[in-house]
$ cat model.cif   # mmCIF, C-alpha atoms
data_start
loop_
_atom_site.label_atom_id
_atom_site.label_comp_id
_atom_site.auth_asym_id
_atom_site.auth_seq_id
_atom_site.Cartn_x
_atom_site.Cartn_y
_atom_site.Cartn_z
CA MET L 1 0.00 0.00 0.00
CA ASN L 2 1.18 3.44 -0.89
CA THR L 3 0.65 5.22 2.42
CA VAL L 4 -0.19 8.87 2.35
CA SER L 5 1.87 11.58 3.96
CA THR L 6 -0.10 12.97 6.88
CA ASN L 7 2.61 15.26 8.18
CA ARG L 8 3.34 12.71 10.88
CA GLY L 9 7.08 13.00 10.73
CA ALA L 10 7.01 16.10 8.52
CA GLY L 11 8.80 19.24 9.58
CA LYS L 12 11.52 18.77 12.14
CA PRO L 13 11.57 15.02 12.67
CA GLY L 14 13.19 15.28 16.12
CA ARG L 15 14.07 12.41 18.41
CA PRO L 16 11.60 9.56 19.10
CA ARG L 17 10.59 11.33 22.31
CA SER L 18 9.72 14.50 20.37
CA GLN L 19 7.72 12.42 17.94
CA ALA L 20 5.70 10.88 20.75
CA THR L 21 5.06 14.36 22.15
CA ARG L 22 3.91 15.60 18.74
CA LEU L 23 1.49 12.72 18.46
CA ALA L 24 0.18 13.32 21.97
CA ILE L 25 -0.53 16.95 21.05
CA LEU L 26 -2.29 15.97 17.80
CA ASP L 27 -4.40 13.42 19.67
CA ALA L 28 -5.24 15.93 22.38
CA ALA L 29 -6.44 18.49 19.82
CA THR L 30 -8.53 15.94 17.95
CA ASP L 31 -10.09 14.40 21.08
CA LEU L 32 -10.99 17.81 22.53
CA ALA L 33 -12.44 19.07 19.24
CA LEU L 34 -14.49 15.95 18.53
CA ALA L 35 -15.91 16.14 22.05
CA GLY L 36 -16.48 19.89 22.11
CA GLY L 37 -17.31 20.68 18.49
CA CYS L 38 -14.84 23.55 18.24
CA VAL L 39 -11.15 24.41 18.15
CA PRO L 40 -9.68 23.90 21.64
CA THR L 41 -7.64 26.68 23.22
CA ILE L 42 -3.88 26.33 23.39
CA ASP L 43 -4.16 26.09 27.17
CA ALA L 44 -6.67 23.25 27.01
CA LEU L 45 -4.43 21.51 24.49
CA ALA L 46 -1.33 21.93 26.62
CA THR L 47 -3.08 20.61 29.73
CA ARG L 48 -4.57 17.62 27.93
CA ALA L 49 -1.27 16.69 26.25
CA GLY L 50 0.78 17.40 29.37
CA VAL L 51 3.09 19.83 27.60
CA SER L 52 3.81 23.56 27.76
CA ARG L 53 2.36 26.13 25.38
CA THR L 54 5.92 26.77 24.20
CA THR L 55 6.25 23.16 23.10
CA ILE L 56 3.10 23.43 20.99
CA TYR L 57 4.17 26.70 19.40
CA LYS L 58 7.55 25.14 18.59
CA TRP L 59 5.79 23.00 15.98
CA TRP L 60 2.53 24.75 15.07
CA PRO L 61 1.48 28.36 14.56
CA SER L 62 -1.95 27.96 16.19
CA ALA L 63 -4.35 25.56 17.89
CA ALA L 64 -6.30 25.49 14.61
CA ALA L 65 -3.20 24.22 12.80
CA VAL L 66 -2.73 21.45 15.39
CA LEU L 67 -6.36 20.45 15.06
CA ALA L 68 -6.41 20.37 11.25
CA GLU L 69 -3.30 18.18 11.25
CA GLY L 70 -4.71 16.04 14.05
CA LEU L 71 -7.91 15.42 12.10
CA LEU L 72 -5.98 14.46 8.99
CA GLU L 73 -3.96 12.03 11.09
CA ARG L 74 -6.94 10.60 12.97
CA PHE L 75 -8.89 9.92 9.79
CA HIS L 76 -5.94 9.11 7.54
CA GLU L 77 -7.51 5.79 6.54
CA SER L 78 -10.16 7.75 4.64
CA ILE L 79 -7.58 8.83 2.08
CA GLU L 80 -5.36 5.75 1.96
CA PHE L 81 -6.32 3.61 -0.96
CA ASP L 82 -3.93 1.32 -2.67
CA ASP L 83 -2.31 2.53 -5.89
CA SER L 84 -2.74 -0.97 -7.28
CA LEU L 85 -6.51 -0.42 -7.34
CA PRO L 86 -8.06 0.83 -10.59
CA VAL L 87 -8.17 4.64 -10.40
CA ARG L 88 -11.94 4.75 -10.50
CA THR L 89 -12.19 2.30 -7.59
CA ALA L 90 -9.63 4.18 -5.49
CA VAL L 91 -11.32 7.54 -6.11
CA THR L 92 -14.81 6.15 -5.45
CA ARG L 93 -13.60 4.68 -2.17
CA GLN L 94 -12.14 8.01 -1.08
CA VAL L 95 -15.44 9.77 -1.78
CA GLU L 96 -17.31 6.98 0.07
CA ALA L 97 -14.92 7.25 3.00
CA LEU L 98 -15.56 11.00 3.35
CA ALA L 99 -19.32 10.47 3.22
CA ARG L 100 -19.03 7.82 5.91
CA LEU L 101 -16.77 10.02 8.00
CA MET L 102 -19.37 12.79 7.76
CA THR L 103 -22.34 10.61 8.64
CA GLN L 104 -20.95 7.94 10.94
CA THR L 105 -18.38 9.74 13.07
CA PRO L 106 -18.44 12.94 15.14
CA ALA L 107 -16.12 14.41 12.50
CA GLY L 108 -19.15 15.35 10.38
CA ALA L 109 -20.64 17.73 12.94
CA LEU L 110 -17.16 19.03 13.76
CA LEU L 111 -16.30 19.72 10.10
CA ARG L 112 -19.57 21.61 9.71
CA GLN L 113 -18.74 23.77 12.73
CA LEU L 114 -15.13 24.30 11.67
CA GLN L 115 -16.12 25.32 8.15
CA ALA L 116 -18.61 27.76 9.68
CA ALA L 117 -16.08 29.19 12.13
CA SER L 118 -13.53 29.62 9.35
CA ALA L 119 -15.75 32.24 7.70
CA SER L 120 -14.80 34.68 10.45
CA ASP L 121 -11.42 33.23 11.42
CA GLU L 122 -8.77 33.64 8.74
CA ARG L 123 -6.22 31.57 10.66
CA LEU L 124 -8.59 28.63 11.04
CA SER L 125 -9.56 28.88 7.38
CA ALA L 126 -5.90 28.82 6.29
CA ALA L 127 -5.08 25.93 8.64
CA LEU L 128 -7.98 23.78 7.46
CA LEU L 129 -7.21 24.48 3.82
CA ALA L 130 -3.49 23.72 4.15
CA ARG L 131 -3.61 20.81 6.61
CA TRP L 132 -6.95 19.11 5.96
CA LEU L 133 -8.41 19.92 2.55
CA ALA L 134 -5.23 20.26 0.49
CA PRO L 135 -3.60 16.96 1.53
CA ARG L 136 -6.90 15.16 0.92
CA ARG L 137 -7.31 16.83 -2.48
CA ASP L 138 -3.70 16.00 -3.34
CA ARG L 139 -4.36 12.35 -2.67
CA VAL L 140 -7.27 12.23 -5.16
CA ALA L 141 -5.24 14.25 -7.63
CA GLU L 142 -2.46 11.66 -7.40
CA HIS L 143 -4.90 8.91 -8.34
CA LEU L 144 -6.22 10.95 -11.25
CA ALA L 145 -2.66 11.70 -12.41
CA ARG L 146 -1.97 7.97 -12.26
CA GLY L 147 -4.97 7.42 -14.53
CA ILE L 148 -3.67 10.00 -17.00
CA ASP L 149 -0.22 8.38 -16.96
CA GLN L 150 -1.75 4.95 -17.52
CA GLY L 151 -3.89 6.25 -20.35
CA THR L 152 -7.20 5.34 -18.73
CA LEU L 153 -8.02 9.03 -18.22
CA ARG L 154 -7.84 11.75 -20.83
CA ALA L 155 -4.67 13.84 -20.76
CA ASP L 156 -6.66 17.09 -20.65
CA VAL L 157 -8.60 16.26 -17.46
CA ASP L 158 -9.03 19.36 -15.29
CA VAL L 159 -7.98 17.68 -12.07
CA ASP L 160 -8.90 20.54 -9.71
CA LEU L 161 -12.37 20.76 -11.19
CA VAL L 162 -12.95 17.02 -11.01
CA VAL L 163 -11.90 16.98 -7.35
CA ASP L 164 -14.39 19.80 -6.64
CA VAL L 165 -17.18 18.04 -8.49
CA LEU L 166 -16.61 14.79 -6.59
CA PHE L 167 -16.19 16.24 -3.10
CA ALA L 168 -17.95 19.63 -2.95
CA PRO L 169 -21.43 18.02 -3.09
CA LEU L 170 -20.58 16.16 0.13
CA TYR L 171 -19.67 19.36 1.99
CA HIS L 172 -22.73 21.05 0.48
CA ARG L 173 -25.07 18.28 1.69
CA LEU L 174 -23.32 18.28 5.09
CA VAL L 175 -24.09 21.99 5.46
CA TRP L 176 -27.64 22.09 4.12
CA GLY L 177 -28.94 18.58 4.63
CA HIS L 178 -31.06 18.92 1.47
CA ALA L 179 -30.17 15.43 0.19
CA PRO L 180 -28.70 12.30 1.78
CA LEU L 181 -25.01 11.47 2.14
CA ASP L 182 -25.74 7.82 1.52
CA ASP L 183 -23.63 4.90 0.43
CA ALA L 184 -24.64 5.23 -3.21
CA LEU L 185 -23.57 8.87 -3.52
CA ALA L 186 -19.89 8.22 -4.25
CA ARG L 187 -20.66 5.74 -6.99
CA ARG L 188 -23.27 8.05 -8.52
CA LEU L 189 -20.86 10.99 -8.52
CA CYS L 190 -18.19 8.90 -10.24
CA ASP L 191 -20.79 7.58 -12.70
CA LEU L 192 -21.60 11.17 -13.59
CA VAL L 193 -18.01 12.25 -14.20
CA TRP L 194 -16.26 9.19 -15.54
CA PRO L 195 -17.73 9.00 -19.05
CA THR L 196 -16.33 12.48 -19.70
CA ILE L 197 -12.87 12.00 -18.20
CA ALA L 198 -12.24 8.41 -19.26
CA ALA L 199 -9.99 7.75 -22.23
CA ASP L 200 -10.70 4.05 -22.00
CA VAL L 201 -14.01 3.20 -23.60
CA SER L 202 -14.20 -0.32 -22.22
CA GLU L 203 -14.81 1.02 -18.70
CA THR L 204 -17.56 3.51 -19.43
CA THR L 205 -19.12 5.01 -22.52
CA PRO L 206 -17.47 5.94 -25.81
CA THR L 207 -15.74 9.28 -25.98
CA SER L 208 -15.21 11.36 -29.07
CA HIS L 209 -11.50 10.58 -29.00
CA PRO L 210 -11.23 7.10 -30.45
CA SER L 211 -7.52 7.61 -31.06
CA SER L 212 -6.91 7.62 -27.30
CA ARG L 213 -8.69 4.33 -26.68
CA ARG L 214 -6.46 1.75 -25.04
CA ALA L 215 -6.85 -1.65 -23.47
CA SER L 216 -7.33 -1.48 -19.71
CA MET H 1 -39.70 34.94 -20.89
CA ASN H 2 -40.86 32.45 -18.31
CA THR H 3 -40.38 34.46 -15.14
CA VAL H 4 -39.58 32.66 -11.98
CA SER H 5 -41.68 32.74 -8.85
CA THR H 6 -39.79 34.61 -6.18
CA ASN H 7 -42.56 34.63 -3.59
CA ARG H 8 -43.30 38.23 -4.57
CA GLY H 9 -47.03 37.90 -4.49
CA ALA H 10 -46.98 34.47 -2.89
CA GLY H 11 -48.87 33.81 0.32
CA LYS H 12 -51.58 36.31 1.12
CA PRO H 13 -51.57 38.64 -1.84
CA GLY H 14 -53.24 41.48 0.07
CA ARG H 15 -54.16 44.87 -1.29
CA PRO H 16 -51.66 46.86 -3.35
CA ARG H 17 -50.70 48.79 -0.23
CA SER H 18 -49.85 45.54 1.59
CA GLN H 19 -47.79 44.46 -1.38
CA ALA H 20 -45.80 47.68 -1.26
CA THR H 21 -45.22 47.14 2.45
CA ARG H 22 -44.03 43.58 1.85
CA LEU H 23 -41.56 44.78 -0.75
CA ALA H 24 -40.32 47.55 1.54
CA ILE H 25 -39.64 44.97 4.26
CA LEU H 26 -37.83 42.64 1.83
CA ASP H 27 -35.71 45.55 0.58
CA ALA H 28 -34.93 46.67 4.12
CA ALA H 29 -33.72 43.20 5.10
CA THR H 30 -31.57 42.86 2.00
CA ASP H 31 -30.05 46.33 2.25
CA LEU H 32 -29.20 45.91 5.92
CA ALA H 33 -27.73 42.44 5.43
CA LEU H 34 -25.63 43.39 2.40
CA ALA H 35 -24.28 46.38 4.33
CA GLY H 36 -23.76 44.57 7.64
CA GLY H 37 -22.86 41.05 6.56
CA CYS H 38 -25.35 39.39 8.89
CA VAL H 39 -29.07 38.86 9.53
CA PRO H 40 -30.59 42.12 10.78
CA THR H 41 -32.69 42.11 13.95
CA ILE H 42 -36.46 42.39 13.65
CA ASP H 43 -36.22 45.80 15.31
CA ALA H 44 -33.67 47.09 12.80
CA LEU H 45 -35.85 45.74 10.02
CA ALA H 46 -39.01 47.37 11.38
CA THR H 47 -37.27 50.72 11.79
CA ARG H 48 -35.74 50.64 8.33
CA ALA H 49 -38.99 49.64 6.63
CA GLY H 50 -41.09 51.97 8.77
CA VAL H 51 -43.41 49.21 9.95
CA SER H 52 -44.17 47.50 13.25
CA ARG H 53 -42.69 44.17 14.33
CA THR H 54 -46.23 42.80 14.25
CA THR H 55 -46.52 43.63 10.55
CA ILE H 56 -43.35 41.69 9.81
CA TYR H 57 -44.42 38.68 11.86
CA LYS H 58 -47.76 38.73 10.04
CA TRP H 59 -45.95 37.54 6.89
CA TRP H 60 -42.71 35.90 8.02
CA PRO H 61 -41.69 33.67 10.95
CA SER H 62 -38.29 35.32 11.46
CA ALA H 63 -35.89 37.98 10.25
CA ALA H 64 -33.88 35.20 8.62
CA ALA H 65 -36.92 34.24 6.55
CA VAL H 66 -37.39 37.85 5.42
CA LEU H 67 -33.74 38.08 4.46
CA ALA H 68 -33.63 34.81 2.51
CA GLU H 69 -36.71 35.86 0.54
CA GLY H 70 -35.33 39.37 0.08
CA LEU H 71 -32.09 38.01 -1.34
CA LEU H 72 -33.96 35.76 -3.76
CA GLU H 73 -35.99 38.76 -4.86
CA ARG H 74 -33.02 41.14 -5.12
CA PHE H 75 -31.00 38.71 -7.25
CA HIS H 76 -33.91 37.13 -9.11
CA GLU H 77 -32.27 37.90 -12.46
CA SER H 78 -29.62 35.31 -11.66
CA ILE H 79 -32.18 32.52 -12.01
CA GLU H 80 -34.35 33.91 -14.77
CA PHE H 81 -33.33 32.45 -18.08
CA ASP H 82 -35.67 32.06 -20.94
CA ASP H 83 -37.22 28.64 -21.51
CA SER H 84 -36.74 29.16 -25.23
CA LEU H 85 -32.98 28.88 -24.73
CA PRO H 86 -31.39 25.46 -25.21
CA VAL H 87 -31.31 23.73 -21.81
CA ARG H 88 -27.53 23.64 -21.69
CA THR H 89 -27.32 27.37 -22.38
CA ALA H 90 -29.93 28.24 -19.76
CA VAL H 91 -28.26 26.07 -17.12
CA THR H 92 -24.78 27.37 -17.93
CA ARG H 93 -26.04 30.94 -17.62
CA GLN H 94 -27.54 30.24 -14.21
CA VAL H 95 -24.24 28.80 -12.96
CA GLU H 96 -22.38 31.79 -14.45
CA ALA H 97 -24.82 34.17 -12.81
CA LEU H 98 -24.25 32.65 -9.37
CA ALA H 99 -20.46 32.83 -9.81
CA ARG H 100 -20.77 36.48 -10.81
CA LEU H 101 -23.10 37.19 -7.91
CA MET H 102 -20.53 35.65 -5.57
CA THR H 103 -17.55 37.52 -6.97
CA GLN H 104 -18.95 40.81 -8.20
CA THR H 105 -21.58 41.74 -5.62
CA PRO H 106 -21.60 41.96 -1.80
CA ALA H 107 -23.89 38.92 -1.87
CA GLY H 108 -20.81 36.65 -2.05
CA ALA H 109 -19.41 37.71 1.31
CA LEU H 110 -22.92 37.75 2.78
CA LEU H 111 -23.72 34.23 1.57
CA ARG H 112 -20.46 32.99 3.07
CA GLN H 113 -21.38 34.52 6.43
CA LEU H 114 -24.98 33.31 6.30
CA GLN H 115 -23.93 29.77 5.47
CA ALA H 116 -21.50 29.91 8.39
CA ALA H 117 -24.07 31.31 10.79
CA SER H 118 -26.59 28.66 9.76
CA ALA H 119 -24.36 25.95 11.25
CA SER H 120 -25.39 27.12 14.72
CA ASP H 121 -28.78 28.65 13.87
CA GLU H 122 -31.37 26.10 12.85
CA ARG H 123 -33.95 28.75 11.96
CA LEU H 124 -31.55 30.56 9.64
CA SER H 125 -30.51 27.28 8.05
CA ALA H 126 -34.14 26.32 7.40
CA ALA H 127 -34.98 29.78 6.03
CA LEU H 128 -32.03 29.84 3.63
CA LEU H 129 -32.74 26.32 2.44
CA ALA H 130 -36.46 26.95 1.87
CA ARG H 131 -36.34 30.52 0.55
CA TRP H 132 -32.97 30.83 -1.19
CA LEU H 133 -31.47 27.49 -2.14
CA ALA H 134 -34.62 25.50 -2.91
CA PRO H 135 -36.23 28.01 -5.32
CA ARG H 136 -32.89 28.39 -7.12
CA ARG H 137 -32.43 24.62 -7.32
CA ASP H 138 -36.02 24.24 -8.52
CA ARG H 139 -35.33 26.62 -11.36
CA VAL H 140 -32.38 24.55 -12.65
CA ALA H 141 -34.38 21.38 -12.12
CA GLU H 142 -37.13 22.82 -14.32
CA HIS H 143 -34.65 23.40 -17.13
CA LEU H 144 -33.30 19.86 -16.76
CA ALA H 145 -36.84 18.43 -16.75
CA ARG H 146 -37.50 20.40 -19.92
CA GLY H 147 -34.44 18.71 -21.48
CA ILE H 148 -35.72 15.30 -20.46
CA ASP H 149 -39.15 16.08 -21.91
CA GLN H 150 -37.60 17.29 -25.14
CA GLY H 151 -35.40 14.21 -25.37
CA THR H 152 -32.12 16.12 -25.30
CA LEU H 153 -31.35 14.76 -21.83
CA ARG H 154 -31.52 11.14 -20.74
CA ALA H 155 -34.71 10.14 -18.95
CA ASP H 156 -32.74 8.67 -16.03
CA VAL H 157 -30.86 11.86 -15.16
CA ASP H 158 -30.50 12.24 -11.39
CA VAL H 159 -31.59 15.86 -11.29
CA ASP H 160 -30.74 16.50 -7.62
CA LEU H 161 -27.26 15.15 -8.10
CA VAL H 162 -26.64 17.15 -11.26
CA VAL H 163 -27.75 20.35 -9.51
CA ASP H 164 -25.31 19.61 -6.66
CA VAL H 165 -22.47 18.90 -9.05
CA LEU H 166 -23.04 22.14 -10.96
CA PHE H 167 -23.55 24.46 -7.98
CA ALA H 168 -21.82 22.93 -4.92
CA PRO H 169 -18.32 23.65 -6.33
CA LEU H 170 -19.21 27.37 -6.37
CA TYR H 171 -20.21 27.39 -2.69
CA HIS H 172 -17.13 25.27 -1.91
CA ARG H 173 -14.79 27.71 -3.68
CA LEU H 174 -16.59 30.64 -2.05
CA VAL H 175 -15.87 29.15 1.39
CA TRP H 176 -12.30 27.96 0.88
CA GLY H 177 -10.95 30.15 -1.89
CA HIS H 178 -8.78 27.26 -3.13
CA ALA H 179 -9.63 27.88 -6.80
CA PRO H 180 -11.07 30.78 -8.77
CA LEU H 181 -14.76 31.48 -9.37
CA ASP H 182 -13.97 32.73 -12.84
CA ASP H 183 -16.04 33.20 -15.96
CA ALA H 184 -14.96 29.88 -17.45
CA LEU H 185 -16.06 27.82 -14.45
CA ALA H 186 -19.73 27.45 -15.45
CA ARG H 187 -18.88 26.29 -18.95
CA ARG H 188 -16.27 23.86 -17.65
CA LEU H 189 -18.72 22.39 -15.13
CA CYS H 190 -21.32 21.87 -17.84
CA ASP H 191 -18.67 20.41 -20.15
CA LEU H 192 -17.87 17.87 -17.46
CA VAL H 193 -21.46 16.78 -16.87
CA TRP H 194 -23.15 17.10 -20.23
CA PRO H 195 -21.63 14.17 -22.10
CA THR H 196 -23.06 11.85 -19.43
CA ILE H 197 -26.52 13.35 -19.15
CA ALA H 198 -27.11 14.19 -22.80
CA ALA H 199 -29.30 11.89 -24.84
CA ASP H 200 -28.47 13.84 -27.96
CA VAL H 201 -25.12 12.78 -29.34
CA SER H 202 -24.84 15.61 -31.81
CA GLU H 203 -24.29 18.11 -29.00
CA THR H 204 -21.59 16.32 -27.11
CA THR H 205 -20.01 12.89 -27.20
CA PRO H 206 -21.64 9.56 -27.97
CA THR H 207 -23.39 7.79 -25.11
CA SER H 208 -23.83 4.08 -24.72
CA HIS H 209 -27.53 4.43 -25.39
CA PRO H 210 -27.79 4.80 -29.15
CA SER H 211 -31.51 4.01 -29.00
CA SER H 212 -32.15 7.30 -27.22
CA ARG H 213 -30.34 9.43 -29.81
CA ARG H 214 -32.55 12.05 -31.32
CA ALA H 215 -32.20 15.03 -33.55
CA SER H 216 -31.73 18.28 -31.63
#
$ encode --input "model.cif" --output "structure tokens"
Amino acid sequence: MNTVSTNRGAGKPGRPRSQATRLAILDAATDLALAGGCVPTIDALATRAGVSRTTIYKWWPSAAAVLAEGLLERFHESIEFDDSLPVRTAVTRQVEALARLMTQTPAGALLRQLQAASASDERLSAALLARWLAPRRDRVAEHLARGIDQGTLRADVDVDLVVDVLFAPLYHRLVWGHAPLDDALARRLCDLVWPTIAADVSETTPTSHPSSRRAS
Amino acid sequence: MNTVSTNRGAGKPGRPRSQATRLAILDAATDLALAGGCVPTIDALATRAGVSRTTIYKWWPSAAAVLAEGLLERFHESIEFDDSLPVRTAVTRQVEALARLMTQTPAGALLRQLQAASASDERLSAALLARWLAPRRDRVAEHLARGIDQGTLRADVDVDLVVDVLFAPLYHRLVWGHAPLDDALARRLCDLVWPTIAADVSETTPTSHPSSRRAS
């Protein structure tokens, strides 16, 4: 399995003891936030992790940054799908995993609150974008790039747009609750997009680029 | 032009004088919210519109409800596209109009704040869903239904999902700012979806349902 970078070990790697401290801080932030539905204070974080504020600020610029990284770490399985899987399967599973995370764990309610709070908190917004959304988007983008390299996806796929189209509806439904985040959603989103982005006609429907057809 | 219902005149129609009062209240809510970036209080609304609180509560359950309806009314042009236009053109224009509304009017910042506030305000969330999002979604859905009736779109199109895929990325980009809400976005979103939902192969790319091909 091609494991994803979750920043665990990123930055200053430090000694094993430092690494354990880092993980304790990430866990403390995630536990407190999932229980309380908001970004914990630095003081609450320090107390829970049994470290000083100085230690936290040595590695992170804010409590929001710790939390965003802690969430990515806690739910890292939701973006770890084997590169030996067909691209469509790997991407579908990542969409499914986010839907499940939103509906079946306290992370759903927390993400809704954090997204809301970020509208009036620039630091939180930047932290969530850099340490939660971007690494998760990068992981899907890597799968799509793999598909382009393998010739199963068209070379001109707009990767950023496809990632938005596959994941934004989940955040939208999380916020408004106008339609269900059910198990079929991921498959239906991929069904909607794949015929357009696929170069390989055997998987989906014919495209207008027969010259780019290849065996799967 | 098939004008859209924006609740102007919905409910108790009243005498002309009542109608003028209703519109003054809607305008007051919208003006105050666009200037202040939040839902005005009932008192501020009453003062601005020169009416009593009782008059407002006669027609709406909350200030949030007035505001959501006022916004729909103020920006009604962004969902009014002629039913004589090809479906794809009408839908693309509605997506474009929302992107422009978000980037070129104060409604963008306001919508971001209202969406955020709705995470902890059930009444606001319900008002925005019922009086802003739903009527706008209904309008796109009507165009898509027209396409299905005309045979240019497949009969099995999942209308709710297509609406999410076309519009959720705009709200997502409005919140996170990770990618531009530019003029090309609407066209690119429709380009991504249309080959899958189109029954008419002459417009886009071939589908796997040759029996449903029709002349445009």
$ resolve_selection --input "model.cif" --expression "the PyMOL selection byres ((chain L) within 8 of (chain H))" --output "PyMOL selection string"
chain L and resi 112-113+115-117+119-120+125+129+160-161+164-166+168-169+171-172+175-176+178-179+189+192-193+195-197+205-208
$ atom_distance --input "model.cif" --atom1 "atom CA of Phe75 of chain L" --atom2 "atom CA of Leu32 of chain L"
15.1 Å
$ atom_distance --input "model.cif" --atom1 "atom CA of Pro40 of chain L" --atom2 "atom CA of Leu98 of chain L"
23.1 Å
$ atom_distance --input "model.cif" --atom1 "atom CA of Thr105 of chain L" --atom2 "atom CA of Thr41 of chain L"
22.5 Å
$ resolve_selection --input "model.cif" --expression "the PyMOL selection byres ((chain H and resi 53-63) around 12)" --output "ChimeraX atom specification"
/H:7-14,18-19,21-26,28-30,32-33,38-52,64-70,121-128,131
$ residues_around --input "model.cif" --residues "Ala99 of chain L" --least-positions-apart "5" --cutoff "8 Å" --atoms "all atoms listed in the file" --output "VMD selection string"
chain L and resid 170 181 to 183 186
$ closest_residue --input "model.cif" --among "L:Leu71, L:Val159, L:Ala198, L:Ala184" --to "Asp138 of chain L" --atoms "only C-alpha atoms"
L:Val159
$ residues_near_point --input "model.cif" --point "(-8.4, 6.2, -20.5)" --cutoff "6 Å" --atoms "only C-alpha atoms" --output "list of chain:residue names"
L:Gly151, L:Thr152, L:Leu153, L:Arg154, L:Ala198, L:Ala199, L:Asp200
